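Asker: Here you go, this is start29.tsv (TSV, C-alpha atoms).
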chain	number	residue	atom	x	y	z
B	1	MET	CA	45.53	-207.81	-230.86
B	2	TRP	CA	43.50	-205.16	-229.29
B	3	LYS	CA	45.86	-202.35	-228.83
B	4	ARG	CA	44.30	-199.77	-226.60
B	5	GLU	CA	45.60	-196.33	-227.19
B	6	GLU	CA	47.34	-195.06	-224.08
B	7	GLU	CA	46.09	-191.80	-222.70
B	8	LYS	CA	48.54	-189.10	-223.44
B	9	THR	CA	49.38	-186.87	-220.54
B	10	PRO	CA	50.69	-183.45	-221.39
B	11	GLN	CA	54.43	-183.29	-220.82
B	12	PRO	CA	56.04	-180.14	-219.39
B	13	THR	CA	57.96	-178.32	-222.04
B	14	TYR	CA	60.99	-176.14	-221.54
B	15	ASN	CA	60.74	-172.74	-223.14
B	16	PRO	CA	64.11	-171.06	-223.09
B	17	PRO	CA	64.02	-167.29	-222.63
B	18	LYS	CA	64.17	-165.20	-225.76
B	19	THR	CA	66.23	-162.12	-226.46
B	20	PRO	CA	64.42	-158.94	-227.55
B	21	SER	CA	65.12	-159.92	-231.17
B	22	GLY	CA	63.32	-163.20	-230.63
B	23	ASP	CA	66.37	-165.47	-230.63
B	24	LEU	CA	66.55	-168.21	-228.08
B	25	LYS	CA	68.99	-167.35	-225.33
B	26	GLU	CA	71.03	-170.01	-223.60
B	27	ARG	CA	71.10	-169.86	-219.84
B	28	ALA	CA	73.10	-172.05	-217.48
B	29	THR	CA	72.31	-172.60	-213.85
B	30	ILE	CA	74.60	-173.60	-211.04
B	31	GLY	CA	72.25	-175.36	-208.68
B	32	ALA	CA	71.99	-174.83	-204.96
B	33	SER	CA	73.95	-177.98	-204.11
B	34	ILE	CA	76.80	-177.26	-206.54
B	35	PHE	CA	80.16	-175.84	-205.45
B	36	VAL	CA	82.50	-174.59	-208.15
B	37	LYS	CA	86.07	-173.59	-207.46
B	38	GLY	CA	88.00	-172.08	-210.35
B	39	ASP	CA	87.44	-169.88	-213.38
B	40	LEU	CA	84.12	-169.80	-215.18
B	41	THR	CA	83.96	-168.54	-218.76
B	42	GLY	CA	81.43	-169.00	-221.51
B	43	GLU	CA	78.99	-167.56	-224.01
B	44	GLU	CA	75.68	-167.84	-222.23
B	45	ASP	CA	73.88	-166.27	-219.33
B	46	LEU	CA	74.47	-167.73	-215.91
B	47	ILE	CA	72.38	-168.07	-212.80
B	48	VAL	CA	74.24	-168.98	-209.63
B	49	GLN	CA	72.20	-170.61	-206.89
B	50	GLY	CA	75.12	-172.55	-205.47
B	51	ARG	CA	78.62	-171.60	-204.38
B	52	VAL	CA	81.35	-170.26	-206.62
B	53	GLU	CA	84.91	-169.38	-205.67
B	54	GLY	CA	87.37	-168.03	-208.22
B	55	THR	CA	86.41	-165.85	-211.18
B	56	ILE	CA	83.40	-165.56	-213.45
B	57	ARG	CA	84.04	-164.05	-216.85
B	58	LEU	CA	81.04	-163.77	-219.17
B	59	SER	CA	81.64	-160.33	-220.63
B	60	GLN	CA	78.96	-160.60	-223.31
B	61	ASN	CA	76.35	-162.24	-221.11
B	62	ASN	CA	74.41	-161.69	-217.94
B	63	VAL	CA	75.16	-163.14	-214.54
B	64	THR	CA	72.54	-163.46	-211.82
B	65	VAL	CA	73.51	-164.47	-208.32
B	66	GLY	CA	70.26	-165.93	-207.06
B	67	GLY	CA	68.89	-165.69	-203.55
B	68	ARG	CA	70.69	-168.87	-202.53
B	69	GLY	CA	73.89	-168.05	-204.40
B	70	ARG	CA	77.16	-167.49	-202.55
B	71	VAL	CA	79.94	-166.10	-204.69
B	72	LYS	CA	83.46	-165.38	-203.59
B	73	ALA	CA	84.88	-164.22	-206.88
B	74	ASP	CA	85.50	-161.35	-209.22
B	75	VAL	CA	82.68	-161.24	-211.76
B	76	ARG	CA	82.79	-159.75	-215.24
B	77	ALA	CA	79.55	-159.66	-217.21
B	78	ARG	CA	77.28	-157.46	-219.27
B	79	ILE	CA	74.61	-157.11	-216.62
B	80	ILE	CA	75.19	-158.42	-213.10
B	81	SER	CA	72.26	-158.90	-210.79
B	82	VAL	CA	72.77	-159.92	-207.16
B	83	GLU	CA	70.05	-161.40	-204.98
B	84	GLY	CA	72.38	-163.51	-202.84
B	85	GLN	CA	75.81	-162.88	-201.37
B	86	VAL	CA	78.94	-161.78	-203.18
B	87	GLU	CA	82.41	-161.09	-201.89
B	88	GLY	CA	84.57	-159.80	-204.70
B	89	ASN	CA	84.79	-157.13	-207.34
B	90	LEU	CA	82.02	-156.81	-209.91
B	91	TYR	CA	82.64	-155.39	-213.38
B	92	GLY	CA	79.47	-154.73	-215.34
B	93	GLU	CA	79.76	-153.73	-218.99
B	94	GLU	CA	76.29	-152.23	-218.83
B	95	LYS	CA	74.83	-152.42	-215.38
B	96	ILE	CA	75.06	-153.82	-211.86
B	97	VAL	CA	71.91	-154.28	-209.80
B	98	ILE	CA	72.00	-155.22	-206.11
B	99	ARG	CA	68.49	-156.46	-205.29
B	100	LYS	CA	66.87	-155.95	-201.91
B	101	SER	CA	68.05	-159.35	-200.68
B	102	GLY	CA	71.56	-158.87	-202.09
B	103	ARG	CA	74.69	-158.51	-199.99
B	104	VAL	CA	77.89	-157.39	-201.63
B	105	LYS	CA	81.32	-156.70	-200.22
B	106	GLY	CA	83.71	-155.49	-202.88
B	107	ASN	CA	84.12	-152.86	-205.53
B	108	LEU	CA	81.63	-152.20	-208.30
B	109	VAL	CA	82.63	-150.84	-211.69
B	110	ALA	CA	79.85	-150.20	-214.20
B	111	PRO	CA	78.31	-147.29	-216.09
B	112	CYS	CA	75.12	-147.79	-214.12
B	113	VAL	CA	74.77	-149.13	-210.58
B	114	SER	CA	71.51	-149.67	-208.75
B	115	LEU	CA	71.19	-150.45	-205.04
B	116	GLU	CA	67.68	-151.50	-204.13
B	117	GLU	CA	66.29	-150.56	-200.73
B	118	GLY	CA	67.18	-153.23	-198.21
B	119	SER	CA	70.33	-154.32	-200.00
B	120	THR	CA	73.66	-154.33	-198.18
B	121	PHE	CA	76.81	-153.04	-199.80
B	122	LYS	CA	80.28	-152.18	-198.58
B	123	GLY	CA	82.97	-151.00	-200.92
B	124	SER	CA	83.52	-148.53	-203.70
B	125	ILE	CA	81.42	-147.72	-206.73
B	126	ASP	CA	83.01	-146.40	-209.91
B	127	MET	CA	80.59	-145.25	-212.60
B	128	GLU	CA	83.09	-143.25	-214.59
B	129	ALA	CA	82.32	-145.11	-217.81
B	130	ALA	CA	78.81	-143.69	-217.65
B	131	LYS	CA	80.01	-140.13	-217.58
B	132	THR	CA	82.50	-140.60	-220.39
B	133	GLU	CA	79.65	-141.72	-222.62
B	134	VAL	CA	77.93	-138.39	-222.14
B	135	LYS	CA	79.10	-136.05	-224.83
B	136	LYS	CA	80.53	-132.92	-223.36
B	137	PRO	CA	81.02	-129.70	-225.29
B	138	GLU	CA	84.52	-129.63	-226.70
B	139	ALA	CA	86.97	-127.35	-225.01
B	140	PRO	CA	88.48	-124.61	-227.19
B	141	LYS	CA	91.49	-126.05	-228.96
B	142	SER	CA	93.62	-123.04	-228.22
B	143	ARG	CA	93.17	-123.55	-224.51
B	144	SER	CA	96.46	-124.04	-222.76
B	145	VAL	CA	97.05	-124.74	-219.13
B	146	THR	CA	99.93	-123.03	-217.43
B	147	PRO	CA	101.73	-125.35	-215.01
B	148	GLY	CA	100.52	-124.61	-211.53
B	149	ALA	CA	97.47	-122.74	-212.73
B	150	VAL	CA	94.16	-123.45	-211.04
B	151	THR	CA	91.90	-125.48	-213.30
B	152	ALA	CA	88.61	-127.23	-212.69
B	153	ASP	CA	90.52	-130.43	-211.99
B	154	ASN	CA	92.82	-129.16	-209.31
B	155	MET	CA	90.75	-126.33	-207.89
B	156	PRO	CA	90.35	-126.67	-204.13
B	157	LEU	CA	86.78	-126.97	-202.95
B	158	GLU	CA	87.29	-124.21	-200.48
B	159	LEU	CA	86.93	-121.29	-202.86
B	160	ASN	CA	86.24	-118.58	-200.35
B	161	THR	CA	86.62	-118.98	-196.66
B	162	ASP	CA	83.65	-117.76	-194.69
B	163	SER	CA	84.19	-114.85	-192.45
B	164	THR	CA	82.94	-117.09	-189.66
B	165	GLY	CA	85.52	-119.77	-190.46
B	166	SER	CA	86.76	-120.42	-186.97
B	167	ARG	CA	89.13	-123.24	-186.09
B	168	GLY	CA	87.52	-126.29	-184.69
B	169	LYS	CA	89.01	-126.06	-181.24
M	1	MET	CA	64.59	-137.07	-186.17
M	2	LYS	CA	62.88	-136.99	-182.81
M	3	TRP	CA	65.06	-136.73	-179.77
M	4	PRO	CA	63.14	-137.71	-176.63
M	5	LEU	CA	64.81	-135.19	-174.35
M	6	ARG	CA	63.27	-132.42	-176.36
M	7	SER	CA	59.68	-131.34	-176.10
M	8	PRO	CA	57.18	-134.17	-176.53
M	9	GLU	CA	55.51	-132.52	-179.51
M	10	ILE	CA	55.92	-134.36	-182.78
M	11	PRO	CA	58.16	-132.42	-185.15
M	12	PRO	CA	56.73	-131.60	-188.57
M	13	ALA	CA	57.11	-134.06	-191.44
M	14	SER	CA	57.73	-137.00	-189.15
M	15	SER	CA	56.26	-140.45	-189.26
M	16	GLN	CA	56.22	-143.22	-186.69
M	17	GLU	CA	56.88	-146.67	-188.05
M	18	ASP	CA	56.72	-150.19	-186.69
M	19	GLY	CA	59.37	-151.04	-184.12
M	20	GLY	CA	59.47	-147.52	-182.73
M	21	GLU	CA	61.45	-146.14	-185.63
M	22	LEU	CA	60.84	-142.54	-186.48
M	23	THR	CA	61.57	-140.82	-189.77
M	24	VAL	CA	61.91	-137.07	-189.84
M	25	SER	CA	62.64	-134.69	-192.67
M	26	GLN	CA	65.40	-132.26	-191.72
M	27	THR	CA	66.62	-129.09	-193.39
M	28	SER	CA	70.39	-129.10	-193.72
M	29	LYS	CA	72.15	-125.84	-194.42
M	30	ALA	CA	75.56	-127.46	-194.15
M	31	LEU	CA	74.68	-129.94	-196.89
M	32	ASN	CA	73.42	-127.10	-199.01
M	33	THR	CA	76.69	-125.21	-198.50
M	34	LEU	CA	78.67	-128.33	-199.35
M	35	LEU	CA	76.78	-128.89	-202.58
M	36	TYR	CA	77.11	-125.23	-203.50
M	37	ARG	CA	80.87	-125.55	-203.19
M	38	LEU	CA	80.89	-128.69	-205.29
M	39	LYS	CA	78.91	-126.99	-208.03
M	40	ALA	CA	81.27	-124.02	-208.01
M	41	ALA	CA	84.31	-126.15	-208.88
M	42	ASN	CA	82.29	-128.40	-211.23
M	43	ARG	CA	84.39	-131.50	-211.63
M	44	ASP	CA	84.14	-135.21	-210.92
M	45	TYR	CA	84.33	-135.75	-207.16
M	46	ARG	CA	85.20	-138.77	-205.10
M	47	PHE	CA	82.94	-139.33	-202.08
M	48	LEU	CA	83.49	-141.32	-198.93
M	49	ASP	CA	80.27	-142.11	-197.11
M	50	LEU	CA	80.93	-143.52	-193.64
M	51	GLY	CA	77.30	-144.53	-193.31
M	52	PRO	CA	75.50	-147.49	-194.86
M	53	ALA	CA	75.02	-147.67	-198.62
M	54	SER	CA	71.71	-146.74	-200.17
M	55	GLY	CA	70.41	-146.35	-203.67
M	56	GLN	CA	68.94	-142.96	-202.89
M	57	LYS	CA	72.25	-141.54	-201.69
M	58	LEU	CA	74.09	-143.08	-204.62
M	59	GLU	CA	71.63	-141.59	-207.08
M	60	PHE	CA	72.00	-138.15	-205.53
M	61	LEU	CA	75.78	-138.21	-205.20
M	62	SER	CA	76.24	-139.49	-208.75
M	63	GLN	CA	75.13	-136.06	-209.95
M	64	TYR	CA	78.39	-134.72	-208.52
M	65	GLY	CA	80.83	-137.56	-208.93
M	66	THR	CA	81.25	-141.01	-210.39
M	67	LYS	CA	83.19	-142.51	-207.48
M	68	VAL	CA	81.45	-143.25	-204.21
M	69	HIS	CA	82.79	-145.36	-201.35
M	70	PHE	CA	80.34	-146.71	-198.79
M	71	GLU	CA	81.88	-148.00	-195.58
M	72	ASP	CA	79.08	-148.46	-193.01
M	73	LEU	CA	81.80	-147.96	-190.43
M	74	TYR	CA	79.63	-148.24	-187.33
M	75	ARG	CA	78.49	-151.74	-188.25
M	76	THR	CA	81.97	-152.70	-189.35
M	77	LEU	CA	83.52	-151.56	-186.07
M	78	ASN	CA	80.86	-153.40	-184.08
M	79	SER	CA	81.46	-156.63	-185.94
M	80	PHE	CA	85.22	-156.22	-185.72
M	81	ASP	CA	85.84	-157.75	-182.34
M	82	TYR	CA	88.64	-160.18	-183.00
M	83	LEU	CA	91.30	-157.47	-182.86
M	84	SER	CA	91.17	-154.53	-180.56
M	85	PRO	CA	93.48	-152.10	-178.78
M	86	GLU	CA	93.01	-154.27	-175.68
M	87	ASP	CA	94.80	-157.03	-177.59
M	88	GLY	CA	97.75	-154.74	-178.18
M	89	VAL	CA	96.72	-153.78	-181.71
M	90	SER	CA	97.00	-150.08	-182.40
M	91	TYR	CA	94.07	-148.04	-183.66
M	92	ASP	CA	96.21	-147.05	-186.64
M	93	SER	CA	96.55	-150.70	-187.63
M	94	ILE	CA	92.84	-151.28	-187.16
M	95	PHE	CA	91.83	-148.40	-189.40
M	96	ARG	CA	94.47	-149.32	-191.97
M	97	TYR	CA	92.89	-152.77	-192.04
M	98	LEU	CA	89.28	-151.61	-192.08
M	99	LEU	CA	89.75	-148.77	-194.55
M	100	PRO	CA	92.60	-149.97	-196.75
M	101	TYR	CA	92.79	-147.33	-199.44
M	102	GLN	CA	95.56	-147.00	-201.98
M	103	ARG	CA	97.77	-143.97	-201.58
M	104	SER	CA	96.51	-142.63	-204.90
M	105	ILE	CA	92.97	-142.30	-203.59
M	106	GLN	CA	92.09	-138.75	-202.64
M	107	PHE	CA	88.62	-138.02	-201.34
M	108	ASP	CA	86.97	-134.73	-202.07
M	109	VAL	CA	84.06	-135.17	-199.70
M	110	ILE	CA	83.61	-137.25	-196.55
M	111	LEU	CA	80.09	-137.75	-195.26
M	112	GLY	CA	80.40	-138.61	-191.61
M	113	TRP	CA	76.73	-138.08	-190.73
M	114	ASP	CA	76.23	-138.72	-187.00
M	115	LEU	CA	78.86	-141.47	-186.73
M	116	LEU	CA	81.38	-139.42	-184.72
M	117	ASN	CA	79.01	-139.36	-181.72
M	118	TYR	CA	79.31	-143.16	-181.58
M	119	LEU	CA	83.11	-143.25	-181.46
M	120	ARG	CA	85.24	-143.21	-178.35
M	121	PRO	CA	87.72	-140.31	-178.26
M	122	GLU	CA	90.65	-142.54	-179.25
M	123	GLU	CA	88.69	-144.04	-182.13
M	124	PHE	CA	87.60	-140.58	-183.26
M	125	LYS	CA	91.17	-139.24	-183.18
M	126	HIS	CA	92.74	-142.16	-185.02
M	127	LEU	CA	89.98	-142.37	-187.59
M	128	MET	CA	90.46	-138.73	-188.50
M	129	ARG	CA	94.22	-139.16	-188.58
M	130	HIS	CA	93.80	-142.11	-190.95
M	131	LEU	CA	91.32	-140.36	-193.20
M	132	THR	CA	93.41	-137.21	-193.42
M	133	ARG	CA	95.99	-139.20	-195.41
M	134	PHE	CA	93.39	-139.76	-198.12
M	135	CYS	CA	91.94	-136.26	-198.27
M	136	ARG	CA	92.58	-133.96	-201.14
M	137	PRO	CA	93.66	-130.52	-199.87
M	138	GLY	CA	90.46	-128.59	-199.26
M	139	ALA	CA	88.39	-131.77	-198.94
M	140	LEU	CA	85.09	-131.26	-197.15
M	141	LEU	CA	83.75	-133.23	-194.21
M	142	PHE	CA	80.10	-133.15	-193.21
M	143	ALA	CA	79.25	-134.24	-189.67
M	144	LEU	CA	76.44	-134.00	-187.15
M	145	ILE	CA	77.61	-133.63	-183.54
M	146	SER	CA	75.06	-134.00	-180.79
M	147	THR	CA	74.94	-131.52	-177.94
M	148	GLN	CA	72.44	-133.68	-176.02
M	149	LYS	CA	73.22	-135.89	-173.03
M	150	THR	CA	71.86	-138.99	-174.75
M	151	ILE	CA	71.58	-140.22	-178.31
M	152	PRO	CA	69.75	-143.17	-179.87
M	153	GLU	CA	71.48	-146.51	-179.39
M	154	GLN	CA	72.51	-146.65	-183.04
M	155	PRO	CA	73.32	-144.00	-185.65
M	156	ALA	CA	70.39	-142.71	-187.66
M	157	SER	CA	69.79	-143.97	-191.15
M	158	ILE	CA	70.20	-140.77	-193.13
M	159	GLU	CA	69.14	-140.25	-196.73
M	160	ILE	CA	69.66	-137.24	-198.95
M	161	VAL	CA	66.23	-136.16	-200.13
M	162	GLY	CA	67.24	-132.92	-201.82
M	163	PRO	CA	70.02	-130.32	-201.92
M	164	GLU	CA	69.14	-129.11	-198.45
M	165	THR	CA	66.90	-131.82	-197.10
M	166	LEU	CA	67.82	-134.96	-195.21
M	167	SER	CA	65.56	-137.77	-194.11
M	168	CYS	CA	66.64	-139.26	-190.79
M	169	LYS	CA	65.33	-142.60	-189.58
M	170	THR	CA	66.16	-143.48	-186.01
M	171	ASN	CA	64.89	-145.47	-183.07
M	172	PRO	CA	64.62	-143.22	-180.03
M	173	ARG	CA	63.27	-145.98	-177.77
M	174	ILE	CA	66.70	-147.10	-176.64
M	175	MET	CA	69.13	-144.35	-175.80
M	176	ARG	CA	72.79	-144.26	-174.84
M	177	LYS	CA	75.12	-141.70	-173.34
M	178	CYS	CA	76.40	-139.09	-175.75
M	179	PRO	CA	80.06	-137.96	-175.56
M	180	GLN	CA	78.93	-134.37	-176.28
M	181	TYR	CA	82.06	-133.44	-178.18
M	182	GLN	CA	82.86	-129.75	-177.89
M	183	GLU	CA	84.71	-127.64	-180.41
M	184	THR	CA	87.87	-127.95	-178.30
M	185	ASP	CA	87.61	-131.76	-178.66
M	186	LEU	CA	87.09	-131.46	-182.38
M	187	GLY	CA	90.19	-129.28	-182.63
M	188	ARG	CA	92.24	-131.90	-180.77
M	189	PHE	CA	90.89	-134.88	-182.68
M	190	MET	CA	90.89	-133.24	-186.09
M	191	PRO	CA	93.95	-130.97	-186.16
M	192	ASN	CA	94.04	-130.92	-189.95
M	193	PHE	CA	90.44	-129.83	-190.32
M	194	ARG	CA	88.92	-126.45	-189.71
M	195	VAL	CA	85.32	-125.43	-189.35
M	196	LEU	CA	83.88	-123.74	-192.40
M	197	ASN	CA	80.28	-123.61	-191.19
M	198	SER	CA	78.32	-124.83	-188.24
M	199	PHE	CA	74.59	-124.70	-187.62
M	200	LEU	CA	72.81	-125.62	-184.42
M	201	LEU	CA	69.63	-127.53	-185.16
M	202	ARG	CA	66.47	-127.60	-183.08
M	203	ASN	CA	66.90	-131.29	-182.34
M	204	GLY	CA	70.10	-130.55	-180.42
M	205	PHE	CA	72.49	-131.59	-183.18
M	206	LYS	CA	75.11	-129.26	-184.56
M	207	GLU	CA	75.84	-129.56	-188.26
M	208	TYR	CA	79.47	-129.03	-189.19
M	209	LEU	CA	81.16	-128.52	-192.48
M	210	PHE	CA	84.92	-128.90	-192.13
M	211	ALA	CA	87.68	-128.32	-194.66
M	212	CYS	CA	90.88	-130.32	-194.67
M	213	ASP	CA	93.99	-128.15	-194.58
M	214	ARG	CA	96.37	-130.98	-195.44
M	215	GLY	CA	98.76	-130.15	-198.23
For the file at hand, write its structure as structure tokens.
Answerer:
Amino acid sequence: MWKREEEKTPQPTYNPPKTPSGDLKERATIGASIFVKGDLTGEEDLIVQGRVEGTIRLSQNNVTVGGRGRVKADVRARIISVEGQVEGNLYGEEKIVIRKSGRVKGNLVAPCVSLEEGSTFKGSIDMEAAKTEVKKPEAPKSRSVTPGAVTADNMPLELNTDSTGSRGK
Amino acid sequence: MKWPLRSPEIPPASSQEDGGELTVSQTSKALNTLLYRLKAANRDYRFLDLGPASGQKLEFLSQYGTKVHFEDLYRTLNSFDYLSPEDGVSYDSIFRYLLPYQRSIQFDVILGWDLLNYLRPEEFKHLMRHLTRFCRPGALLFALISTQKTIPEQPASIEIVGPETLSCKTNPRIMRKCPQYQETDLGRFMPNFRVLNSFLLRNGFKEYLFACDRG
């Protein structure tokens, strides 16, 4: 009979984030109530708001440990951003960022590491990959190193002892 | 850094913050000497910073080396109360547990800041003995030793502002007794290190640059 047209309420729409090239980028989230134990691998970005124990391996993608995230795992990713707590080694292909609320205990390996003011970190940082990317002038090919000779790599830091160099006793 | 036993005048370039914390800019000749030596050899150095990690320090040190270890040893020792020498555990074991480096690791520079003033003599001695194992011959150690009777309750938060400038944030409201280590003590506790430079600062601290003779 009389079919009244129902009022249409606007529905929320999900707009996935886009990459710089405009492609839609998949992003998975481990929610605050989720606990994962084991190895995580995949082909999309990951946000951890829950607990993860094991390993996370998303070498081509980004991993964000959110403010409520608790990770006890080694993490491999392109860019790793930590706002929560991590205990484990982090390997960033491009970059590791420890945000001001982030707490990390472990070793960081990435060409670029950023520790924001207020963040807590204990461990070692290795940014060697960054330096190897910088092109250095080539050494002369005829250069030969005599065994035992002092080179830049084995030169002691103490080049010339100060005249005041007294023993600490 | 303002040390309350000194004159009440506010040192230059200082700022009082909430909670009684005070930040002071400090010229550091020892740091300047250290960096000069690093530049002279011009290679990739490995740093051990016994203080807390900070982005500012990391950014500065990364100009000289790609490997930086941050230990925040004062906080670690304070939170490490489940094993102690009173329980029959040796200091050597404690430091091997707290600073478990591989034998292949050789530090070129150790930044001790003002931590050594907060260690008991036995801790001081065993820490240095432990670290000596991981020092490259000629490795440099930077430390600030207080000559005052009291020091702030906790180590200062020290940042490297420039090649010869440090920024020291401390809370001088609560003070504690200072061990006032003398050079004879340093010689006993650090037999493998010798003083390269030392500078007495106006705030009562003495800056030391030590070299490790191991090897």
Asker: Would you give me, as a list in words, the residues of chain M that come within 7 Å of chain B, using only C-alpha atoms?
Answerer: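 Going by the stated atoms only, the list reads Arg37, Leu38, Ala41, Asn42, Arg43, Ala53, Ser54, Gly55, Thr66, Lys67, Val68, His69, Phe70, Glu71, Asp72, Pro137, Gly138, Ala139, Glu183, Thr184, Asp185, Leu186, Gly187, Arg188, Arg194, Val195, Leu196 and Asn197 of chain M.
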Asker: Please write the residues from the selection above to a file, keeping C-alpha atoms, as an mmCIF file, in the coordinates of the input.
Answerer:
data_model
loop_
_atom_site.group_PDB
_atom_site.id
_atom_site.type_symbol
_atom_site.label_atom_id
_atom_site.label_comp_id
_atom_site.auth_asym_id
_atom_site.auth_seq_id
_atom_site.Cartn_x
_atom_site.Cartn_y
_atom_site.Cartn_z
ATOM 1 C CA ARG M 37 80.870 -125.550 -203.190
ATOM 2 C CA LEU M 38 80.890 -128.690 -205.290
ATOM 3 C CA ALA M 41 84.310 -126.150 -208.880
ATOM 4 C CA ASN M 42 82.290 -128.400 -211.230
ATOM 5 C CA ARG M 43 84.390 -131.500 -211.630
ATOM 6 C CA ALA M 53 75.020 -147.670 -198.620
ATOM 7 C CA SER M 54 71.710 -146.740 -200.170
ATOM 8 C CA GLY M 55 70.410 -146.350 -203.670
ATOM 9 C CA THR M 66 81.250 -141.010 -210.390
ATOM 10 C CA LYS M 67 83.190 -142.510 -207.480
ATOM 11 C CA VAL M 68 81.450 -143.250 -204.210
ATOM 12 C CA HIS M 69 82.790 -145.360 -201.350
ATOM 13 C CA PHE M 70 80.340 -146.710 -198.790
ATOM 14 C CA GLU M 71 81.880 -148.000 -195.580
ATOM 15 C CA ASP M 72 79.080 -148.460 -193.010
ATOM 16 C CA PRO M 137 93.660 -130.520 -199.870
ATOM 17 C CA GLY M 138 90.460 -128.590 -199.260
ATOM 18 C CA ALA M 139 88.390 -131.770 -198.940
ATOM 19 C CA GLU M 183 84.710 -127.640 -180.410
ATOM 20 C CA THR M 184 87.870 -127.950 -178.300
ATOM 21 C CA ASP M 185 87.610 -131.760 -178.660
ATOM 22 C CA LEU M 186 87.090 -131.460 -182.380
ATOM 23 C CA GLY M 187 90.190 -129.280 -182.630
ATOM 24 C CA ARG M 188 92.240 -131.900 -180.770
ATOM 25 C CA ARG M 194 88.920 -126.450 -189.710
ATOM 26 C CA VAL M 195 85.320 -125.430 -189.350
ATOM 27 C CA LEU M 196 83.880 -123.740 -192.400
ATOM 28 C CA ASN M 197 80.280 -123.610 -191.190
#
Asker: Which distance in Å separates CA of Gly50 in chain B and CA of Thr64 in chain B, to one decimal?
Answerer: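 Spanning CA of Gly50 in chain B to CA of Thr64 in chain B is a straight-line distance of 11.4 Å.
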Asker: Which residues are close to Val71 in chain B, i.e. within 9 Å by all atoms listed in the file, leaving aside same-chain residues fewer than 5 positions away? Reply as a PyMOL selection string.
Answerer: chain B and resi 48+50-54+65+84-88
Asker: Quick one: distance from CA of Gly20 in chain M to CA of Asn171 in chain M in Å, one decimal?
Answerer: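 That distance, rounded to one decimal, is 5.8 Å.
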Asker: Can you list, as a list of chain:residue names, every protein, DNA or RNA residue that comes within 10 Å of Val63 in chain B when you count only C-alpha atoms, leaving out same-chain residues fewer than 4 positions away?
Answerer: B:Arg27, B:Ala28, B:Thr29, B:Glu44, B:Asp45, B:Leu46, B:Ile47, B:Val48, B:Ile56, B:Arg57, B:Leu58, B:Ser59, B:Val75, B:Arg76, B:Ala77, B:Arg78, B:Ile79, B:Ile80, B:Ser81, B:Val82, B:Gly92, B:Ile96
Asker: CA of Arg176 in chain M and CA of Val89 in chain M, how far apart in Å?
Answerer: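 Pair CA of Val89 in chain M / CA of Arg176 in chain M returns 26.7 Å.
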